[in-house]
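Asker: For reference, this is model-v3.pdb, and it has PDB, C-alpha atoms.
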ATOM      1  CA  THR A   1       0.000   0.000   0.000
ATOM      2  CA  SER A   2       1.470   3.372  -0.994
ATOM      3  CA  VAL A   3       1.875   6.011   1.713
ATOM      4  CA  ARG A   4      -0.576   8.398   0.070
ATOM      5  CA  SER A   5      -3.269   5.703   0.017
ATOM      6  CA  PHE A   6      -3.095   4.646   3.641
ATOM      7  CA  ARG A   7      -6.836   5.255   4.085
ATOM      8  CA  ALA A   8      -7.770   3.681   0.775
ATOM      9  CA  GLU A   9      -5.916   0.557  -0.337
ATOM     10  CA  ALA A  10      -8.196   0.253  -3.329
ATOM     11  CA  LEU A  11      -7.900   3.862  -4.502
ATOM     12  CA  SER A  12      -5.398   3.232  -7.296
ATOM     13  CA  ASP A  13      -7.434   0.241  -8.478
ATOM     14  CA  PHE A  14     -10.624   2.299  -8.373
ATOM     15  CA  VAL A  15      -9.047   5.098 -10.408
ATOM     16  CA  GLY A  16      -7.695   2.529 -12.851
ATOM     17  CA  ALA A  17     -11.154   1.037 -13.337
ATOM     18  CA  VAL A  18     -12.674   4.476 -13.920
ATOM     19  CA  LEU A  19     -10.050   5.379 -16.521
ATOM     20  CA  ASP A  20     -10.438   1.983 -18.174
ATOM     21  CA  GLY A  21     -14.180   2.607 -18.451
ATOM     22  CA  GLU A  22     -14.971  -0.417 -16.291
ATOM     23  CA  LEU A  23     -18.145   0.764 -14.565
ATOM     24  CA  GLU A  24     -19.049  -2.353 -12.577
ATOM     25  CA  GLN A  25     -15.484  -2.896 -11.426
ATOM     26  CA  ALA A  26     -15.273   0.730 -10.319
ATOM     27  CA  ARG A  27     -18.543   0.401  -8.388
ATOM     28  CA  ASN A  28     -17.314  -2.731  -6.619
ATOM     29  CA  LEU A  29     -14.004  -1.115  -5.709
ATOM     30  CA  ARG A  30     -15.782   1.987  -4.436
ATOM     31  CA  LYS A  31     -17.391  -0.195  -1.766
ATOM     32  CA  HIS A  32     -13.911  -0.785  -0.323
ATOM     33  CA  LEU A  33     -13.312   2.954   0.012
ATOM     34  CA  SER A  34     -15.788   3.634   2.811
ATOM     35  CA  ASN A  35     -13.040   5.328   4.842
ATOM     36  CA  TYR A  36     -12.027   7.512   1.909
ATOM     37  CA  PRO A  37     -14.570  10.332   1.489
ATOM     38  CA  MET A  38     -15.362  11.466  -2.056
ATOM     39  CA  LEU A  39     -17.516  14.286  -3.338
ATOM     40  CA  LEU A  40     -18.661  14.792  -6.939
ATOM     41  CA  SER A  41     -20.006  18.259  -7.628
ATOM     42  CA  ARG A  42     -20.888  20.730 -10.380
ATOM     43  CA  ASP A  43     -20.276  23.610  -7.956
ATOM     44  CA  LEU A  44     -16.705  24.790  -7.346
ATOM     45  CA  THR A  45     -17.749  26.727  -4.251
ATOM     46  CA  GLU A  46     -19.155  23.523  -2.777
ATOM     47  CA  VAL A  47     -15.877  21.734  -3.522
ATOM     48  CA  ARG A  48     -13.861  24.416  -1.775
ATOM     49  CA  GLU A  49     -16.152  24.431   1.257
ATOM     50  CA  TRP A  50     -16.093  20.623   1.445
ATOM     51  CA  LEU A  51     -12.288  20.535   1.439
ATOM     52  CA  ARG A  52     -12.088  23.174   4.174
ATOM     53  CA  SER A  53     -14.632  21.306   6.275
ATOM     54  CA  LYS A  54     -12.783  17.999   6.012
ATOM     55  CA  ALA A  55      -9.248  19.159   6.799
ATOM     56  CA  ARG A  56      -8.204  18.981  10.441
ATOM     57  CA  GLY A  57      -5.306  20.795  12.064
ATOM     58  CA  THR A  58      -2.378  21.065   9.688
ATOM     59  CA  GLU A  59      -3.867  18.767   7.040
ATOM     60  CA  ARG A  60      -3.220  20.278   3.627
ATOM     61  CA  PHE A  61      -5.709  20.741   0.786
ATOM     62  CA  GLY A  62      -5.699  22.333  -2.673
ATOM     63  CA  LEU A  63      -6.998  22.247  -6.233
ATOM     64  CA  VAL A  64      -5.448  20.304  -9.116
ATOM     65  CA  ALA A  65      -6.240  20.072 -12.827
ATOM     66  CA  SER A  66      -4.820  18.733 -16.058
ATOM     67  CA  SER A  67      -2.224  20.914 -17.759
ATOM     68  CA  ASN A  68      -4.473  20.980 -20.845
ATOM     69  CA  ALA A  69      -7.686  21.783 -18.961
ATOM     70  CA  LEU A  70      -7.754  25.131 -20.706
ATOM     71  CA  ARG A  71     -11.524  25.557 -20.771
ATOM     72  CA  LEU A  72     -11.713  25.692 -17.000
ATOM     73  CA  LYS A  73     -10.484  29.269 -17.372
ATOM     74  CA  PRO A  74     -14.025  30.755 -17.347
ATOM     75  CA  HIS A  75     -14.367  29.270 -13.852
ATOM     76  CA  GLY A  76     -11.219  30.987 -12.593
ATOM     77  CA  ILE A  77      -9.007  27.915 -12.991
ATOM     78  CA  HIS A  78      -5.922  28.987 -14.953
ATOM     79  CA  VAL A  79      -3.716  25.958 -15.568
ATOM     80  CA  LYS A  80      -1.265  28.019 -17.621
ATOM     81  CA  SER A  81      -0.588  30.268 -14.635
ATOM     82  CA  ALA A  82       2.337  28.471 -13.032
ATOM     83  CA  ILE A  83       2.369  27.957  -9.286
ATOM     84  CA  ASP A  84       5.377  28.754  -7.120
ATOM     85  CA  ALA A  85       5.754  25.171  -5.897
ATOM     86  CA  PRO A  86       7.583  25.771  -2.572
ATOM     87  CA  LEU A  87       5.034  28.428  -1.609
ATOM     88  CA  TRP A  88       2.056  26.368  -2.823
ATOM     89  CA  PHE A  89       3.087  23.212  -0.990
ATOM     90  CA  LEU A  90       4.635  24.667   2.170
ATOM     91  CA  ASN A  91       3.199  28.056   3.100
ATOM     92  CA  ASP A  92       0.393  28.434   5.605
ATOM     93  CA  LYS A  93      -3.203  29.594   5.365
ATOM     94  CA  THR A  94      -2.280  33.261   5.628
ATOM     95  CA  ASP A  95      -0.567  33.153   2.204
ATOM     96  CA  VAL A  96      -2.877  33.460  -0.812
ATOM     97  CA  ARG A  97      -0.193  31.744  -2.918
ATOM     98  CA  SER A  98      -0.445  28.550  -0.884
ATOM     99  CA  SER A  99      -2.598  25.560  -1.781
ATOM    100  CA  PHE A 100      -4.884  26.466   1.145
ATOM    101  CA  ALA A 101      -6.189  29.555  -0.673
ATOM    102  CA  MET A 102      -7.432  27.376  -3.565
ATOM    103  CA  GLU A 103      -6.768  30.247  -5.963
ATOM    104  CA  ASP A 104      -3.842  28.692  -7.841
ATOM    105  CA  VAL A 105      -4.153  25.195  -9.269
ATOM    106  CA  ALA A 106      -1.408  22.573  -9.543
ATOM    107  CA  THR A 107      -1.111  20.422 -12.655
ATOM    108  CA  GLU A 108       0.137  16.855 -13.004
ATOM    109  CA  PHE A 109       3.640  18.201 -13.618
ATOM    110  CA  ASP A 110       3.615  20.151 -10.351
ATOM    111  CA  ILE A 111       2.242  17.401  -8.155
ATOM    112  CA  GLN A 112       3.588  14.156  -9.614
ATOM    113  CA  GLY A 113       5.366  12.241  -6.874
ATOM    114  CA  LEU A 114       3.851  14.493  -4.201
ATOM    115  CA  GLU A 115       0.549  14.492  -2.349
ATOM    116  CA  LEU A 116      -1.895  16.484  -0.238
ATOM    117  CA  ASP A 117      -4.248  15.304   2.467
ATOM    118  CA  TRP A 118      -7.345  16.497   0.587
ATOM    119  CA  VAL A 119      -7.574  17.273  -3.130
ATOM    120  CA  GLY A 120     -10.093  19.107  -5.278
ATOM    121  CA  MET A 121      -9.753  17.597  -8.745
ATOM    122  CA  CYS A 122     -11.079  19.917 -11.504
ATOM    123  CA  TRP A 123     -12.145  17.936 -14.581
ATOM    124  CA  ASP A 124     -12.196  19.400 -18.089
ATOM    125  CA  VAL A 125     -13.278  17.831 -21.372
ATOM    126  CA  ASN A 126      -9.767  17.154 -22.606
ATOM    127  CA  LEU A 127     -10.802  13.769 -21.210
ATOM    128  CA  ALA A 128     -14.527  13.284 -21.696
ATOM    129  CA  TRP A 129     -16.810  10.278 -21.470
ATOM    130  CA  SER A 130     -18.718   9.384 -24.653
ATOM    131  CA  LYS A 131     -20.805   6.462 -25.913
ATOM    132  CA  ASP A 132     -17.569   4.985 -27.272
ATOM    133  CA  GLY A 133     -15.651   5.365 -24.004
ATOM    134  CA  TRP A 134     -13.089   7.985 -23.064
ATOM    135  CA  LEU A 135     -12.460  10.697 -25.630
ATOM    136  CA  ALA A 136      -9.101  12.477 -25.386
ATOM    137  CA  ARG A 137      -8.693  15.929 -26.859
ATOM    138  CA  ARG A 138      -6.138  18.710 -26.989
ATOM    139  CA  PHE A 139      -7.036  22.378 -26.923
ATOM    140  CA  ALA A 140      -5.079  24.413 -29.457
ATOM    141  CA  GLY A 141      -5.798  27.968 -30.550
ATOM    142  CA  THR A 142      -9.559  28.350 -30.339
ATOM    143  CA  SER A 143     -10.806  24.769 -30.503
ATOM    144  CA  TRP A 144     -10.430  21.195 -29.324
ATOM    145  CA  GLN A 145      -8.608  18.674 -31.497
ATOM    146  CA  SER A 146      -9.390  14.980 -31.189
ATOM    147  CA  ILE A 147      -6.580  12.652 -30.200
ATOM    148  CA  ASN A 148      -6.805   9.378 -32.081
ATOM    149  CA  ASN A 149      -3.317   8.090 -31.321
ATOM    150  CA  ALA A 150      -3.466   5.273 -28.753
ATOM    151  CA  ASP A 151      -0.236   6.337 -27.051
ATOM    152  CA  ARG A 152      -1.445   9.919 -26.745
ATOM    153  CA  LEU A 153      -4.765   8.749 -25.286
ATOM    154  CA  LYS A 154      -2.820   6.719 -22.740
ATOM    155  CA  TYR A 155      -0.767   9.818 -21.918
ATOM    156  CA  VAL A 156      -3.880  11.901 -21.229
ATOM    157  CA  LYS A 157      -5.389   9.138 -19.096
ATOM    158  CA  ASN A 158      -2.166   8.819 -17.139
ATOM    159  CA  SER A 159      -2.158  12.566 -16.422
ATOM    160  CA  TYR A 160      -5.619  12.139 -14.900
ATOM    161  CA  ARG A 161      -4.414   9.039 -13.045
ATOM    162  CA  VAL A 162      -1.721  11.164 -11.384
ATOM    163  CA  LEU A 163      -4.230  13.853 -10.406
ATOM    164  CA  LEU A 164      -6.790  11.380  -9.056
ATOM    165  CA  THR A 165      -4.294   9.627  -6.788
ATOM    166  CA  ARG A 166      -2.725  12.633  -5.024
ATOM    167  CA  ALA A 167      -5.004  12.734  -1.964
ATOM    168  CA  ARG A 168      -4.106  10.798   1.187
ATOM    169  CA  GLN A 169      -7.396  11.289   3.007
ATOM    170  CA  GLY A 170     -10.153  12.095   0.512
ATOM    171  CA  MET A 171     -11.021  13.820  -2.734
ATOM    172  CA  ALA A 172     -13.602  16.093  -4.331
ATOM    173  CA  ILE A 173     -14.143  16.106  -8.100
ATOM    174  CA  TYR A 174     -15.498  19.193  -9.826
ATOM    175  CA  VAL A 175     -17.147  18.872 -13.250
ATOM    176  CA  PRO A 176     -18.525  22.159 -14.666
ATOM    177  CA  PHE A 177     -21.834  22.435 -16.490
ATOM    178  CA  GLY A 178     -20.335  23.890 -19.660
ATOM    179  CA  SER A 179     -22.118  26.492 -21.743
ATOM    180  CA  ILE A 180     -24.541  26.330 -24.649
ATOM    181  CA  ASN A 181     -23.077  29.646 -25.820
ATOM    182  CA  ASP A 182     -19.496  28.352 -26.018
ATOM    183  CA  THR A 183     -18.655  25.546 -28.464
ATOM    184  CA  THR A 184     -15.448  24.816 -26.549
ATOM    185  CA  ARG A 185     -17.482  23.971 -23.428
ATOM    186  CA  ASP A 186     -20.112  21.610 -24.805
ATOM    187  CA  PRO A 187     -22.520  20.842 -21.910
ATOM    188  CA  ARG A 188     -23.203  17.386 -23.342
ATOM    189  CA  LEU A 189     -19.604  16.271 -22.801
ATOM    190  CA  TYR A 190     -19.450  17.690 -19.285
ATOM    191  CA  ASP A 191     -22.795  16.035 -18.508
ATOM    192  CA  SER A 192     -21.815  12.616 -19.870
ATOM    193  CA  THR A 193     -18.541  12.751 -17.950
ATOM    194  CA  PHE A 194     -20.306  13.753 -14.732
ATOM    195  CA  HIS A 195     -22.912  11.002 -15.117
ATOM    196  CA  PHE A 196     -20.275   8.332 -15.730
ATOM    197  CA  LEU A 197     -18.262   9.420 -12.703
ATOM    198  CA  ARG A 198     -21.435   9.527 -10.612
ATOM    199  CA  ASP A 199     -22.295   5.984 -11.665
ATOM    200  CA  CYS A 200     -18.769   4.811 -10.818
ATOM    201  CA  MET A 201     -19.016   6.386  -7.369
ATOM    202  CA  SER A 202     -22.550   5.203  -6.555
TER     203      SER A 202
END
Any chance you could give the structure as structure tokens?

Answerer:
Amino acid sequence: TSVRSFRAEALSDFVGAVLDGELEQARNLRKHLSNYPMLLSRDLTEVREWLRSKARGTERFGLVASSNALRLKPHGIHVKSAIDAPLWFLNDKTDVRSSFAMEDVATEFDIQGLELDWVGMCWDVNLAWSKDGWLARRFAGTSWQSINNADRLKYVKNSYRVLLTRARQGMAIYVPFGSINDTTRDPRLYDSTFHFLRDCMS
């Protein structure tokens, strides 16, 4: 059992099942995570409040997102705005640059090999659930580009695997609603992703 999964031996297996699109396996593994709280929400304020309410004493919490989650920007999540890692990971609650402020978000490159006690995982549609399984995309310029290369799809999934396994104690997942007025934030893809994750966690 890895150190960061001391409260959830099955966490890595659960995340693997989710990213493999194995709904029933994910549901079964979720049953073994009763001591590992999870929240799935469409409300970022709720996610932030949940993380604050769960952390005790010096337990650390913060927001993470994929480095290509560029359409979370309308929600105030700027993945291209680099964190100052020592300040983000080490400074206390009085510093707005620290993870505690939940203003700056860490990507898979910032947090790989590290962990927090509680994580708010912000999900964008660079990895979206569809009728054919997981759809990987890359945002370039003003639009999403589909990724059809198997190795590239694996790379995107692995970036989400890193982000979904950073929390020692528990995790909240935020999936926005999208916007009917913005073709880069198709509500149907956010909805299908949310519903799949909800089914995996039920």

Asker: Expanded to explicit residues, what is the PyMOL selection byres ((chain A and resi 117-127) around 8) for this file, as a count of residues only?

Answerer: 47

Asker: Pick the closest to A:Asp43 from A:His75, A:Lys93, A:Ser12, A:Ser192: which is it, counting all atoms listed in the file?

Answerer: A:His75

Asker: Pick out the closest residue to A:Glu9 from this set: A:Lys154, A:Lys73, A:Lys31, A:Arg97. Count only C-alpha atoms.

Answerer: A:Lys31

Asker: Atom CA of A:Gly16 to atom CA of A:Phe177: how many Å, to one decimal?

Answerer: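 If I compute the distance from atom CA of A:Gly16 to atom CA of A:Phe177, I get 24.7 Å.
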
Asker: Figure out the distance between atom CA of A:Ala10 and atom CA of A:His32, please, to one decimal in Å.

Answerer: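 Interatomic distance, atom CA of A:His32 to atom CA of A:Ala10: 6.5 Å.
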
Asker: For the structure provided, state which residues fall under the PyMOL selection byres ((chain A and resi 20) around 12), and present them as a count of residues only.

Answerer: 26

Asker: Give me, as a PyMOL selection string, all polymer residues having an atom no more than 9 Å from A:Leu90, counting all atoms listed in the file and skipping those fewer than 5 positions away in the same chain.

Answerer: chain A and resi 85+98-99

Asker: Just write the chosen residues, C-alpha atoms, as a compact mmCIF listing (two decimals), keeping the file's coordinate frame.

Answerer:
# COMPACT_ATOMS: atom_id res chain seq x y z
CA ALA A 85 5.75 25.17 -5.90
CA SER A 98 -0.44 28.55 -0.88
CA SER A 99 -2.60 25.56 -1.78

Asker: Expressed in Å to a single decimal, how great is the separation between atom CA of A:Ala101 and atom CA of A:His78?

Answerer: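 Between these atoms lies a distance of 14.3 Å.
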
Asker: If the box runs along x, y and z of the file and leaves 6 Å on each side of stretch 82-92 of chain A, what are its centre and edge lengths in Å, one decimal, as JSON?

Answerer:
{"center_x": 4.0, "center_y": 26.0, "center_z": -3.7, "size_x": 19.2, "size_y": 17.5, "size_z": 30.6}

Asker: Please reconstruct the missing atoms of stretch 74-100 of chain A (target: N, CA and C atoms) and return them as a PDB file, keeping the file's coordinate frame.

Answerer:
ATOM      1  N   PRO A  74     -12.858  29.931 -17.706  1.00  0.00           N
ATOM      2  CA  PRO A  74     -14.025  30.755 -17.347  1.00  0.00           C
ATOM      3  C   PRO A  74     -14.469  30.586 -15.894  1.00  0.00           C
ATOM      4  N   HIS A  75     -14.011  29.524 -15.247  1.00  0.00           N
ATOM      5  CA  HIS A  75     -14.367  29.270 -13.852  1.00  0.00           C
ATOM      6  C   HIS A  75     -13.262  29.731 -12.892  1.00  0.00           C
ATOM      7  N   GLY A  76     -12.292  30.466 -13.434  1.00  0.00           N
ATOM      8  CA  GLY A  76     -11.219  30.987 -12.593  1.00  0.00           C
ATOM      9  C   GLY A  76     -10.095  30.011 -12.361  1.00  0.00           C
ATOM     10  N   ILE A  77     -10.058  28.925 -13.132  1.00  0.00           N
ATOM     11  CA  ILE A  77      -9.007  27.915 -12.991  1.00  0.00           C
ATOM     12  C   ILE A  77      -8.051  28.065 -14.169  1.00  0.00           C
ATOM     13  N   HIS A  78      -6.878  28.650 -13.899  1.00  0.00           N
ATOM     14  CA  HIS A  78      -5.922  28.987 -14.953  1.00  0.00           C
ATOM     15  C   HIS A  78      -4.735  28.019 -14.879  1.00  0.00           C
ATOM     16  N   VAL A  79      -4.787  26.961 -15.640  1.00  0.00           N
ATOM     17  CA  VAL A  79      -3.716  25.958 -15.568  1.00  0.00           C
ATOM     18  C   VAL A  79      -2.408  26.452 -16.178  1.00  0.00           C
ATOM     19  N   LYS A  80      -2.486  27.478 -17.010  1.00  0.00           N
ATOM     20  CA  LYS A  80      -1.265  28.019 -17.621  1.00  0.00           C
ATOM     21  C   LYS A  80      -0.584  29.043 -16.713  1.00  0.00           C
ATOM     22  N   SER A  81      -1.192  29.370 -15.607  1.00  0.00           N
ATOM     23  CA  SER A  81      -0.588  30.268 -14.635  1.00  0.00           C
ATOM     24  C   SER A  81       0.198  29.420 -13.634  1.00  0.00           C
ATOM     25  N   ALA A  82       1.493  29.385 -13.812  1.00  0.00           N
ATOM     26  CA  ALA A  82       2.337  28.471 -13.032  1.00  0.00           C
ATOM     27  C   ALA A  82       2.320  28.804 -11.548  1.00  0.00           C
ATOM     28  N   ILE A  83       2.274  27.761 -10.729  1.00  0.00           N
ATOM     29  CA  ILE A  83       2.369  27.957  -9.286  1.00  0.00           C
ATOM     30  C   ILE A  83       3.833  28.121  -8.889  1.00  0.00           C
ATOM     31  N   ASP A  84       4.057  28.739  -7.747  1.00  0.00           N
ATOM     32  CA  ASP A  84       5.377  28.754  -7.120  1.00  0.00           C
ATOM     33  C   ASP A  84       5.372  27.565  -6.159  1.00  0.00           C
ATOM     34  N   ALA A  85       5.925  26.448  -6.600  1.00  0.00           N
ATOM     35  CA  ALA A  85       5.754  25.171  -5.897  1.00  0.00           C
ATOM     36  C   ALA A  85       6.113  25.217  -4.406  1.00  0.00           C
ATOM     37  N   PRO A  86       7.280  25.751  -4.015  1.00  0.00           N
ATOM     38  CA  PRO A  86       7.583  25.771  -2.572  1.00  0.00           C
ATOM     39  C   PRO A  86       6.535  26.537  -1.762  1.00  0.00           C
ATOM     40  N   LEU A  87       6.051  27.662  -2.319  1.00  0.00           N
ATOM     41  CA  LEU A  87       5.034  28.428  -1.609  1.00  0.00           C
ATOM     42  C   LEU A  87       3.709  27.682  -1.585  1.00  0.00           C
ATOM     43  N   TRP A  88       3.341  27.072  -2.696  1.00  0.00           N
ATOM     44  CA  TRP A  88       2.056  26.368  -2.823  1.00  0.00           C
ATOM     45  C   TRP A  88       1.988  25.176  -1.869  1.00  0.00           C
ATOM     46  N   PHE A  89       3.077  24.433  -1.797  1.00  0.00           N
ATOM     47  CA  PHE A  89       3.087  23.212  -0.990  1.00  0.00           C
ATOM     48  C   PHE A  89       3.420  23.441   0.483  1.00  0.00           C
ATOM     49  N   LEU A  90       4.106  24.528   0.813  1.00  0.00           N
ATOM     50  CA  LEU A  90       4.635  24.667   2.170  1.00  0.00           C
ATOM     51  C   LEU A  90       4.062  25.821   2.982  1.00  0.00           C
ATOM     52  N   ASN A  91       3.631  26.891   2.323  1.00  0.00           N
ATOM     53  CA  ASN A  91       3.199  28.056   3.100  1.00  0.00           C
ATOM     54  C   ASN A  91       1.841  27.835   3.766  1.00  0.00           C
ATOM     55  N   ASP A  92       1.577  28.662   4.771  1.00  0.00           N
ATOM     56  CA  ASP A  92       0.393  28.434   5.605  1.00  0.00           C
ATOM     57  C   ASP A  92      -0.843  29.143   5.046  1.00  0.00           C
ATOM     58  N   LYS A  93      -1.911  29.094   5.822  1.00  0.00           N
ATOM     59  CA  LYS A  93      -3.203  29.594   5.365  1.00  0.00           C
ATOM     60  C   LYS A  93      -3.278  31.110   5.240  1.00  0.00           C
ATOM     61  N   THR A  94      -2.277  31.795   5.741  1.00  0.00           N
ATOM     62  CA  THR A  94      -2.280  33.261   5.628  1.00  0.00           C
ATOM     63  C   THR A  94      -1.748  33.733   4.277  1.00  0.00           C
ATOM     64  N   ASP A  95      -1.189  32.807   3.492  1.00  0.00           N
ATOM     65  CA  ASP A  95      -0.567  33.153   2.204  1.00  0.00           C
ATOM     66  C   ASP A  95      -1.498  32.760   1.058  1.00  0.00           C
ATOM     67  N   VAL A  96      -1.945  33.740   0.284  1.00  0.00           N
ATOM     68  CA  VAL A  96      -2.877  33.460  -0.812  1.00  0.00           C
ATOM     69  C   VAL A  96      -2.216  32.675  -1.938  1.00  0.00           C
ATOM     70  N   ARG A  97      -0.895  32.531  -1.901  1.00  0.00           N
ATOM     71  CA  ARG A  97      -0.193  31.744  -2.918  1.00  0.00           C
ATOM     72  C   ARG A  97      -0.114  30.273  -2.550  1.00  0.00           C
ATOM     73  N   SER A  98      -0.520  29.941  -1.329  1.00  0.00           N
ATOM     74  CA  SER A  98      -0.445  28.550  -0.884  1.00  0.00           C
ATOM     75  C   SER A  98      -1.634  27.752  -1.400  1.00  0.00           C
ATOM     76  N   SER A  99      -1.511  26.434  -1.338  1.00  0.00           N
ATOM     77  CA  SER A  99      -2.598  25.560  -1.781  1.00  0.00           C
ATOM     78  C   SER A  99      -3.870  25.816  -0.986  1.00  0.00           C
ATOM     79  N   PHE A 100      -3.728  26.247   0.283  1.00  0.00           N
ATOM     80  CA  PHE A 100      -4.884  26.466   1.145  1.00  0.00           C
ATOM     81  C   PHE A 100      -5.854  27.503   0.584  1.00  0.00           C
TER      82      PHE A 100
END
